[in-house]
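Asks: Structure supplied as my_file.pdb; contents: PDB, C-alpha atoms, pLDDT in the B column.
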```
ATOM      1  CA  MET A1256     168.832  13.795 -80.703  1.00 63.00           C
ATOM      2  CA  SER A1257     169.267  13.532 -84.476  1.00 62.00           C
ATOM      3  CA  ASP A1258     168.260  16.248 -86.978  1.00 58.00           C
ATOM      4  CA  ARG A1259     165.423  14.025 -88.171  1.00 60.00           C
ATOM      5  CA  GLU A1260     164.037  13.625 -84.640  1.00 64.00           C
ATOM      6  CA  GLN A1261     164.316  17.344 -83.911  1.00 63.00           C
ATOM      7  CA  PHE A1262     162.446  18.298 -87.065  1.00 60.00           C
ATOM      8  CA  GLN A1263     159.761  15.718 -86.409  1.00 63.00           C
ATOM      9  CA  LEU A1264     159.216  17.341 -83.021  1.00 65.00           C
ATOM     10  CA  LEU A1265     159.134  20.829 -84.542  1.00 60.00           C
ATOM     11  CA  PHE A1266     156.902  19.900 -87.455  1.00 61.00           C
ATOM     12  CA  PRO A1267     154.913  16.834 -86.360  1.00 61.00           C
ATOM     13  CA  GLU A1268     152.131  17.562 -88.839  1.00 55.00           C
ATOM     14  CA  GLU A1269     154.397  17.407 -91.871  1.00 57.00           C
ATOM     15  CA  ASN A1270     155.364  14.405 -93.961  1.00 58.00           C
ATOM     16  CA  PHE A1271     159.062  13.984 -93.270  1.00 57.00           C
ATOM     17  CA  ASP A1272     159.941  12.716 -96.745  1.00 60.00           C
ATOM     18  CA  LYS A1273     158.453  15.834 -98.360  1.00 58.00           C
ATOM     19  CA  MET A1274     160.607  18.000 -96.119  1.00 66.00           C
ATOM     20  CA  HIS A1275     163.872  16.361 -97.151  1.00 66.00           C
ATOM     21  CA  ASN A1276     165.114  19.306 -99.269  1.00 71.00           C
ATOM     22  CA  TYR A1277     164.084  21.801 -96.604  1.00 72.00           C
ATOM     23  CA  ILE A1278     165.897  19.831 -93.916  1.00 75.00           C
ATOM     24  CA  GLU A1279     169.023  19.564 -96.019  1.00 79.00           C
ATOM     25  CA  SER A1280     169.111  23.316 -96.711  1.00 81.00           C
ATOM     26  CA  PHE A1281     168.507  24.059 -93.018  1.00 83.00           C
ATOM     27  CA  HIS A1282     171.248  21.662 -91.964  1.00 85.00           C
ATOM     28  CA  LYS A1283     173.634  23.279 -94.451  1.00 87.00           C
ATOM     29  CA  MET A1284     172.795  26.712 -93.079  1.00 89.00           C
ATOM     30  CA  ILE A1285     173.564  25.548 -89.527  1.00 91.00           C
ATOM     31  CA  THR A1286     176.864  24.100 -90.740  1.00 92.00           C
ATOM     32  CA  PHE A1287     177.840  27.495 -92.168  1.00 94.00           C
ATOM     33  CA  TYR A1288     177.031  29.143 -88.820  1.00 95.00           C
ATOM     34  CA  LYS A1289     179.044  26.547 -86.943  1.00 95.00           C
ATOM     35  CA  CYS A1290     182.048  27.118 -89.205  1.00 95.00           C
ATOM     36  CA  ALA A1291     181.749  30.902 -88.863  1.00 96.00           C
ATOM     37  CA  MET A1292     181.706  30.575 -85.078  1.00 96.00           C
ATOM     38  CA  MET A1293     184.800  28.358 -85.183  1.00 96.00           C
ATOM     39  CA  GLN A1294     186.577  30.857 -87.441  1.00 97.00           C
ATOM     40  CA  ILE A1295     185.824  33.797 -85.126  1.00 97.00           C
ATOM     41  CA  GLU A1296     187.079  31.762 -82.159  1.00 97.00           C
ATOM     42  CA  THR A1297     190.314  31.000 -84.013  1.00 97.00           C
ATOM     43  CA  LYS A1298     190.812  34.661 -84.919  1.00 97.00           C
ATOM     44  CA  LEU A1299     190.350  35.644 -81.270  1.00 98.00           C
ATOM     45  CA  LYS A1300     192.830  33.026 -80.085  1.00 97.00           C
ATOM     46  CA  ILE A1301     195.392  34.317 -82.578  1.00 97.00           C
ATOM     47  CA  LEU A1302     194.844  37.896 -81.371  1.00 96.00           C
ATOM     48  CA  ASN A1303     195.213  36.737 -77.787  1.00 96.00           C
ATOM     49  CA  GLU A1304     198.514  35.080 -78.653  1.00 95.00           C
ATOM     50  CA  GLU A1305     199.756  38.206 -80.446  1.00 95.00           C
ATOM     51  CA  PHE A1306     198.814  40.542 -77.589  1.00 92.00           C
ATOM     52  CA  SER A1307     200.395  38.192 -75.038  1.00 90.00           C
ATOM     53  CA  HIS A1308     203.790  38.859 -76.648  1.00 88.00           C
ATOM     54  CA  GLU A1309     203.217  42.599 -76.977  1.00 86.00           C
ATOM     55  CA  ILE A1310     201.940  43.306 -73.453  1.00 84.00           C
ATOM     56  CA  ASP A1311     203.321  40.238 -71.642  1.00 84.00           C
ATOM     57  CA  ARG A1312     199.896  38.947 -70.579  1.00 90.00           C
ATOM     58  CA  ASN A1313     196.762  37.451 -72.115  1.00 91.00           C
ATOM     59  CA  PRO A1314     194.002  40.032 -72.586  1.00 95.00           C
ATOM     60  CA  ILE A1315     191.413  37.288 -73.180  1.00 97.00           C
ATOM     61  CA  ASN A1316     190.538  35.249 -70.125  1.00 96.00           C
ATOM     62  CA  ASN A1317     188.012  32.940 -71.749  1.00 96.00           C
ATOM     63  CA  ILE A1318     186.041  32.366 -74.970  1.00 97.00           C
ATOM     64  CA  LYS A1319     182.607  30.758 -74.980  1.00 96.00           C
ATOM     65  CA  CYS A1320     180.794  29.684 -78.150  1.00 96.00           C
ATOM     66  CA  ARG A1321     177.075  28.998 -78.520  1.00 94.00           C
ATOM     67  CA  LEU A1322     174.948  27.815 -81.444  1.00 94.00           C
ATOM     68  CA  LYS A1323     171.187  28.216 -81.140  1.00 91.00           C
ATOM     69  CA  SER A1324     169.172  24.995 -81.143  1.00 87.00           C
ATOM     70  CA  PHE A1325     166.389  24.339 -83.655  1.00 83.00           C
ATOM     71  CA  PRO A1326     163.622  25.018 -81.071  1.00 85.00           C
ATOM     72  CA  SER A1327     165.288  28.303 -80.047  1.00 89.00           C
ATOM     73  CA  ILE A1328     165.607  29.400 -83.672  1.00 88.00           C
ATOM     74  CA  ARG A1329     161.965  28.635 -84.337  1.00 86.00           C
ATOM     75  CA  ALA A1330     160.805  30.418 -81.167  1.00 89.00           C
ATOM     76  CA  LYS A1331     162.758  33.568 -82.047  1.00 89.00           C
ATOM     77  CA  ALA A1332     161.587  33.481 -85.663  1.00 88.00           C
ATOM     78  CA  GLU A1333     157.980  33.327 -84.459  1.00 88.00           C
ATOM     79  CA  ARG A1334     158.539  36.223 -82.033  1.00 89.00           C
ATOM     80  CA  ASN A1335     160.041  38.304 -84.851  1.00 86.00           C
ATOM     81  CA  GLY A1336     157.284  37.345 -87.255  1.00 87.00           C
ATOM     82  CA  CYS A1337     159.611  35.914 -89.887  1.00 85.00           C
ATOM     83  CA  PRO A1338     159.024  32.675 -91.823  1.00 85.00           C
ATOM     84  CA  MET A1339     160.839  29.548 -90.688  1.00 82.00           C
ATOM     85  CA  THR A1340     162.931  29.288 -93.858  1.00 82.00           C
ATOM     86  CA  PRO A1341     166.737  29.367 -94.171  1.00 83.00           C
ATOM     87  CA  ASP A1342     166.709  32.553 -96.289  1.00 85.00           C
ATOM     88  CA  SER A1343     164.416  34.397 -93.882  1.00 88.00           C
ATOM     89  CA  ILE A1344     166.362  33.243 -90.838  1.00 88.00           C
ATOM     90  CA  GLU A1345     169.698  34.316 -92.319  1.00 88.00           C
ATOM     91  CA  GLU A1346     168.271  37.746 -93.100  1.00 89.00           C
ATOM     92  CA  ASN A1347     166.372  38.411 -89.858  1.00 89.00           C
ATOM     93  CA  LEU A1348     168.212  36.593 -87.065  1.00 90.00           C
ATOM     94  CA  ASN A1349     171.675  37.816 -86.109  1.00 92.00           C
ATOM     95  CA  ASP A1350     172.486  35.661 -83.101  1.00 92.00           C
ATOM     96  CA  ILE A1351     172.254  32.066 -84.304  1.00 94.00           C
ATOM     97  CA  ALA A1352     176.013  31.793 -83.814  1.00 96.00           C
ATOM     98  CA  GLY A1353     177.351  33.563 -80.742  1.00 96.00           C
ATOM     99  CA  VAL A1354     180.824  34.053 -79.309  1.00 98.00           C
ATOM    100  CA  ARG A1355     181.348  35.538 -75.852  1.00 98.00           C
ATOM    101  CA  VAL A1356     184.781  36.939 -75.060  1.00 98.00           C
ATOM    102  CA  ILE A1357     185.748  37.427 -71.408  1.00 98.00           C
ATOM    103  CA  CYS A1358     188.591  39.945 -71.043  1.00 97.00           C
ATOM    104  CA  SER A1359     190.686  40.878 -68.054  1.00 95.00           C
ATOM    105  CA  PHE A1360     190.326  44.663 -68.225  1.00 95.00           C
ATOM    106  CA  LYS A1361     187.955  47.133 -69.850  1.00 96.00           C
ATOM    107  CA  ASP A1362     190.704  48.414 -72.158  1.00 95.00           C
ATOM    108  CA  ASP A1363     191.192  44.842 -73.395  1.00 96.00           C
ATOM    109  CA  VAL A1364     187.559  44.681 -74.502  1.00 97.00           C
ATOM    110  CA  TYR A1365     187.974  47.615 -76.878  1.00 97.00           C
ATOM    111  CA  ASN A1366     191.461  46.580 -78.042  1.00 96.00           C
ATOM    112  CA  ILE A1367     190.292  43.099 -78.997  1.00 97.00           C
ATOM    113  CA  ALA A1368     187.090  44.399 -80.615  1.00 98.00           C
ATOM    114  CA  ASN A1369     189.010  46.937 -82.707  1.00 97.00           C
ATOM    115  CA  ALA A1370     191.657  44.402 -83.732  1.00 97.00           C
ATOM    116  CA  LEU A1371     188.996  41.906 -84.814  1.00 97.00           C
ATOM    117  CA  THR A1372     186.933  44.362 -86.873  1.00 97.00           C
ATOM    118  CA  ARG A1373     190.048  45.750 -88.609  1.00 97.00           C
ATOM    119  CA  GLN A1374     190.647  42.403 -90.313  1.00 97.00           C
ATOM    120  CA  ASN A1375     190.006  42.499 -94.054  1.00 96.00           C
ATOM    121  CA  ASP A1376     187.529  39.633 -94.140  1.00 96.00           C
ATOM    122  CA  ILE A1377     185.419  40.931 -91.232  1.00 97.00           C
ATOM    123  CA  THR A1378     182.531  43.321 -91.834  1.00 97.00           C
ATOM    124  CA  LEU A1379     181.037  45.118 -88.851  1.00 98.00           C
ATOM    125  CA  VAL A1380     177.262  45.001 -89.290  1.00 97.00           C
ATOM    126  CA  SER A1381     176.277  46.689 -86.023  1.00 97.00           C
ATOM    127  CA  LYS A1382     177.670  47.569 -82.594  1.00 97.00           C
ATOM    128  CA  LYS A1383     175.986  48.330 -79.285  1.00 97.00           C
ATOM    129  CA  ASP A1384     178.160  49.602 -76.470  1.00 98.00           C
ATOM    130  CA  TYR A1385     176.419  48.643 -73.245  1.00 98.00           C
ATOM    131  CA  ILE A1386     179.612  49.360 -71.309  1.00 97.00           C
ATOM    132  CA  GLU A1387     179.510  53.117 -71.754  1.00 96.00           C
ATOM    133  CA  ASN A1388     175.712  53.054 -72.108  1.00 96.00           C
ATOM    134  CA  PRO A1389     174.512  50.258 -69.795  1.00 96.00           C
ATOM    135  CA  LYS A1390     171.029  48.798 -69.876  1.00 96.00           C
ATOM    136  CA  PRO A1391     168.571  50.086 -67.224  1.00 94.00           C
ATOM    137  CA  ASN A1392     169.156  47.011 -65.053  1.00 93.00           C
ATOM    138  CA  GLY A1393     172.920  47.690 -64.951  1.00 95.00           C
ATOM    139  CA  TYR A1394     173.999  45.158 -67.584  1.00 96.00           C
ATOM    140  CA  ARG A1395     177.267  46.029 -69.344  1.00 97.00           C
ATOM    141  CA  SER A1396     178.855  44.427 -72.379  1.00 98.00           C
ATOM    142  CA  LEU A1397     180.010  45.308 -75.889  1.00 98.00           C
ATOM    143  CA  HIS A1398     177.815  43.643 -78.523  1.00 98.00           C
ATOM    144  CA  MET A1399     178.818  43.373 -82.169  1.00 98.00           C
ATOM    145  CA  ILE A1400     177.310  41.658 -85.175  1.00 97.00           C
ATOM    146  CA  VAL A1401     180.055  40.797 -87.647  1.00 98.00           C
ATOM    147  CA  MET A1402     179.919  39.128 -91.046  1.00 97.00           C
ATOM    148  CA  LEU A1403     182.608  36.960 -92.600  1.00 97.00           C
ATOM    149  CA  PRO A1404     182.935  34.667 -95.628  1.00 95.00           C
ATOM    150  CA  ILE A1405     182.929  30.903 -95.157  1.00 94.00           C
ATOM    151  CA  PHE A1406     184.413  28.800 -97.939  1.00 92.00           C
ATOM    152  CA  PHE A1407     183.246  25.279 -98.717  1.00 89.00           C
ATOM    153  CA  ALA A1408     184.705  23.138-101.507  1.00 86.00           C
ATOM    154  CA  ASN A1409     182.498  24.675-104.185  1.00 87.00           C
ATOM    155  CA  GLU A1410     180.696  27.483-102.407  1.00 87.00           C
ATOM    156  CA  LYS A1411     181.197  30.713-100.482  1.00 90.00           C
ATOM    157  CA  GLN A1412     178.663  32.064 -98.008  1.00 91.00           C
ATOM    158  CA  TYR A1413     178.694  35.252 -95.909  1.00 94.00           C
ATOM    159  CA  VAL A1414     177.587  34.501 -92.352  1.00 95.00           C
ATOM    160  CA  LYS A1415     176.713  36.728 -89.390  1.00 96.00           C
ATOM    161  CA  VAL A1416     178.024  36.050 -85.883  1.00 97.00           C
ATOM    162  CA  GLU A1417     177.162  37.845 -82.662  1.00 98.00           C
ATOM    163  CA  VAL A1418     180.259  38.691 -80.618  1.00 98.00           C
ATOM    164  CA  GLN A1419     179.878  39.820 -77.004  1.00 98.00           C
ATOM    165  CA  LEU A1420     182.902  41.202 -75.190  1.00 98.00           C
ATOM    166  CA  ARG A1421     182.954  41.933 -71.472  1.00 97.00           C
ATOM    167  CA  THR A1422     185.277  41.911 -68.494  1.00 97.00           C
ATOM    168  CA  ILE A1423     185.455  39.188 -65.845  1.00 97.00           C
ATOM    169  CA  ALA A1424     183.513  41.423 -63.456  1.00 96.00           C
ATOM    170  CA  MET A1425     180.794  42.148 -66.032  1.00 97.00           C
ATOM    171  CA  ASP A1426     180.449  38.442 -66.807  1.00 96.00           C
ATOM    172  CA  PHE A1427     180.293  37.576 -63.107  1.00 95.00           C
ATOM    173  CA  TRP A1428     177.411  39.988 -62.562  1.00 95.00           C
ATOM    174  CA  ALA A1429     175.547  38.990 -65.747  1.00 94.00           C
ATOM    175  CA  SER A1430     175.801  35.263 -64.992  1.00 93.00           C
ATOM    176  CA  LEU A1431     174.556  35.579 -61.425  1.00 92.00           C
ATOM    177  CA  GLU A1432     171.852  38.093 -62.392  1.00 88.00           C
ATOM    178  CA  HIS A1433     170.469  35.574 -64.873  1.00 85.00           C
ATOM    179  CA  GLN A1434     170.514  32.783 -62.284  1.00 85.00           C
ATOM    180  CA  LEU A1435     168.719  34.906 -59.708  1.00 85.00           C
ATOM    181  CA  LYS A1436     166.250  36.837 -61.810  1.00 77.00           C
ATOM    182  CA  TYR A1437     165.034  33.967 -63.960  1.00 73.00           C
ATOM    183  CA  LYS A1438     164.844  31.291 -61.289  1.00 64.00           C
ATOM    184  CA  LYS A1439     161.603  29.328 -61.666  1.00 65.00           C
ATOM    185  CA  ASN A1440     158.717  29.819 -59.249  1.00 70.00           C
ATOM    186  CA  VAL A1441     160.290  32.902 -57.638  1.00 72.00           C
ATOM    187  CA  CYS A1442     158.654  36.343 -57.550  1.00 78.00           C
ATOM    188  CA  PHE A1443     161.440  38.839 -58.231  1.00 78.00           C
ATOM    189  CA  THR A1444     160.614  42.065 -56.398  1.00 85.00           C
ATOM    190  CA  ASP A1445     161.536  45.671 -57.179  1.00 85.00           C
ATOM    191  CA  GLU A1446     163.743  45.672 -54.089  1.00 90.00           C
ATOM    192  CA  MET A1447     165.669  42.708 -55.460  1.00 88.00           C
ATOM    193  CA  SER A1448     166.102  44.485 -58.796  1.00 88.00           C
ATOM    194  CA  ASP A1449     167.418  47.555 -56.979  1.00 92.00           C
ATOM    195  CA  GLU A1450     169.956  45.405 -55.120  1.00 92.00           C
ATOM    196  CA  LEU A1451     171.107  43.813 -58.374  1.00 92.00           C
ATOM    197  CA  TYR A1452     171.510  47.255 -59.937  1.00 94.00           C
ATOM    198  CA  LYS A1453     173.643  48.371 -56.979  1.00 95.00           C
ATOM    199  CA  CYS A1454     175.778  45.255 -57.404  1.00 94.00           C
ATOM    200  CA  ALA A1455     176.251  46.155 -61.080  1.00 95.00           C
ATOM    201  CA  GLN A1456     177.454  49.619 -60.082  1.00 95.00           C
ATOM    202  CA  ILE A1457     179.873  48.164 -57.531  1.00 95.00           C
ATOM    203  CA  SER A1458     181.146  45.701 -60.121  1.00 94.00           C
ATOM    204  CA  TYR A1459     181.764  48.480 -62.657  1.00 95.00           C
ATOM    205  CA  SER A1460     183.493  50.605 -60.034  1.00 96.00           C
ATOM    206  CA  LEU A1461     185.824  47.687 -59.361  1.00 95.00           C
ATOM    207  CA  ASP A1462     186.472  47.349 -63.106  1.00 95.00           C
ATOM    208  CA  GLU A1463     187.409  51.020 -63.351  1.00 96.00           C
ATOM    209  CA  LYS A1464     189.751  50.826 -60.354  1.00 95.00           C
ATOM    210  CA  MET A1465     191.478  47.711 -61.686  1.00 95.00           C
ATOM    211  CA  ASN A1466     191.861  49.322 -65.109  1.00 93.00           C
ATOM    212  CA  ARG A1467     193.472  52.407 -63.570  1.00 94.00           C
ATOM    213  CA  LEU A1468     195.749  50.194 -61.483  1.00 94.00           C
ATOM    214  CA  LYS A1469     196.800  48.260 -64.586  1.00 91.00           C
ATOM    215  CA  ASN A1470     197.678  51.516 -66.370  1.00 91.00           C
ATOM    216  CA  ALA A1471     199.622  52.737 -63.347  1.00 92.00           C
ATOM    217  CA  VAL A1472     201.639  49.511 -63.298  1.00 89.00           C
ATOM    218  CA  LEU A1473     202.439  49.858 -66.997  1.00 83.00           C
ATOM    219  CA  GLU A1474     203.561  53.439 -66.559  1.00 80.00           C
TER
END
```
Let me see whether you can do it: turn the structure in this file into structure tokens.

Replies:
Amino acid sequence: MSDREQFQLLFPEENFDKMHNYIESFHKMITFYKCAMMQIETKLKILNEEFSHEIDRNPINNIKCRLKSFPSIRAKAERNGCPMTPDSIEENLNDIAGVRVICSFKDDVYNIANALTRQNDITLVSKKDYIENPKPNGYRSLHMIVMLPIFFANEKQYVKVEVQLRTIAMDFWASLEHQLKYKKNVCFTDEMSDELYKCAQISYSLDEKMNRLKNAVLE
């Protein structure tokens, strides 16, 4: 679906020709986010290559990138009570561009996060450590909002990207929890939530054991 078609669906009551400047500025904003996401992915791949020579293995198992769609951006803007304008969205929404980093071990999560935020052109805006302080449902991950400059031919723009780092075990649990808990037309009971929480604890216990085993092998 083209940008024009998406905006006509989002704003059917508006005259499309009058919204031309708005659409162009919105499209440019999305392009900046897309470029920022690509740049973060490249930085992570370089770090993975560097660490692979230092520790003789790849600390990053997988990298997933996600850019919010126009309907998702509008829905979140409405929930947050902010105007649907590029300036307001850039200021109030931090997760338009998202990069998820799947690491082998828990130590790798922190090593990669620290190496990324030490780079001169990266500014750490916020960090939430759900690994050491998991959510009530058992969810674990390290969430960071970082900001970096994106250079166009005649323009520079600072853009925020959400970076989530977690282990393979944490990602396994989070992916299946989402599939189970948010399945349509299913009443998710308290007993089911308790079972999922227990699975999260088992998963983290496995992570800790594998991390200790990795350290023992290195020693």

Asks: Considering only C-alpha atoms, state which residue in the set A:Lys1383, A:Arg1395, A:Arg1373, A:Lys1283 is at the smallest distance from Ser1430 (chain A).

Replies: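 Of all the options, A:Arg1395 lies closest to Ser1430 (chain A).
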
Asks: Taking the file above as input, evaluate the PyMOL selection byres ((chain A and resi 1327) around 12) and report the hits as a PyMOL selection string.

Replies: chain A and resi 1261+1265+1321-1326+1328-1334+1339+1344+1348+1350-1352

Asks: Just say which residues the PyMOL selection byres ((chain A and resi 1290) around 10) picks in this file, as a PyMOL selection string.

Replies: chain A and resi 1285-1289+1291-1296+1352+1404-1407+1414

Asks: Would you write out, as JSON, numbers by chain, every residue that the PyMOL selection byres ((chain A and resi 1308-1315) around 12) captures in this file?

Replies: {"A": [1296, 1299, 1300, 1301, 1302, 1303, 1304, 1305, 1306, 1307, 1316, 1317, 1318, 1319, 1355, 1356, 1357, 1358, 1359, 1360, 1361, 1362, 1363, 1364, 1365, 1366, 1367, 1368, 1420, 1421, 1422, 1423, 1469, 1470, 1472, 1473]}

Asks: Between A:Phe1443, A:Phe1427, A:Phe1281, A:Tyr1437, single out the one closest to Ile1457 (chain A), counting all atoms listed in the file.

Replies: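 Between A:Phe1443, A:Phe1427, A:Phe1281, A:Tyr1437, the residue approaching Ile1457 (chain A) most closely is A:Phe1427.
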
Asks: Compare A:Tyr1277, A:Asp1426, A:Val1441, A:Leu1431 by their minimum atom-to-atom distance to Asp1462 (chain A), counting all atoms listed in the file, and give me the closest one.

Replies: A:Asp1426

Asks: Nearest to Tyr1394 (chain A): which of A:Lys1464, A:His1282, A:Lys1453, A:Lys1298 is it, counting only C-alpha atoms?

Replies: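 Closest to Tyr1394 (chain A), using only C-alpha atoms: A:Lys1453.
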
Asks: If you count all atoms listed in the file, which residues fall within 12 Å of Gln1456 (chain A), apart from same-chain ones fewer than 2 positions away, as an MDAnalysis selection string?

Replies: chainID A and resid 1386 1389:1395 1424:1425 1428 1449:1454 1458:1463

Asks: Draw an axis-aligned box over all listed atoms of region 1319-1336 of chain A, pad each side with 4 Å, and write its centre and edge lengths in Å, one decimal, as AutoDock Vina command-line options.

Replies:
```
--center_x 169.9 --center_y 31.3 --center_z -81.1 --size_x 33.3 --size_y 22.0 --size_z 20.3
```

Asks: To one decimal place in Å, what is the distance between CA of Asn1349 (chain A) and CA of Ile1400 (chain A)?

Replies: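 We find that CA of Asn1349 (chain A) and CA of Ile1400 (chain A) lie 6.9 Å from each other.
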
Asks: Could you check how far CA of Val1380 (chain A) sits from CA of Val1354 (chain A), in Å to one decimal?

Replies: 15.2 Å
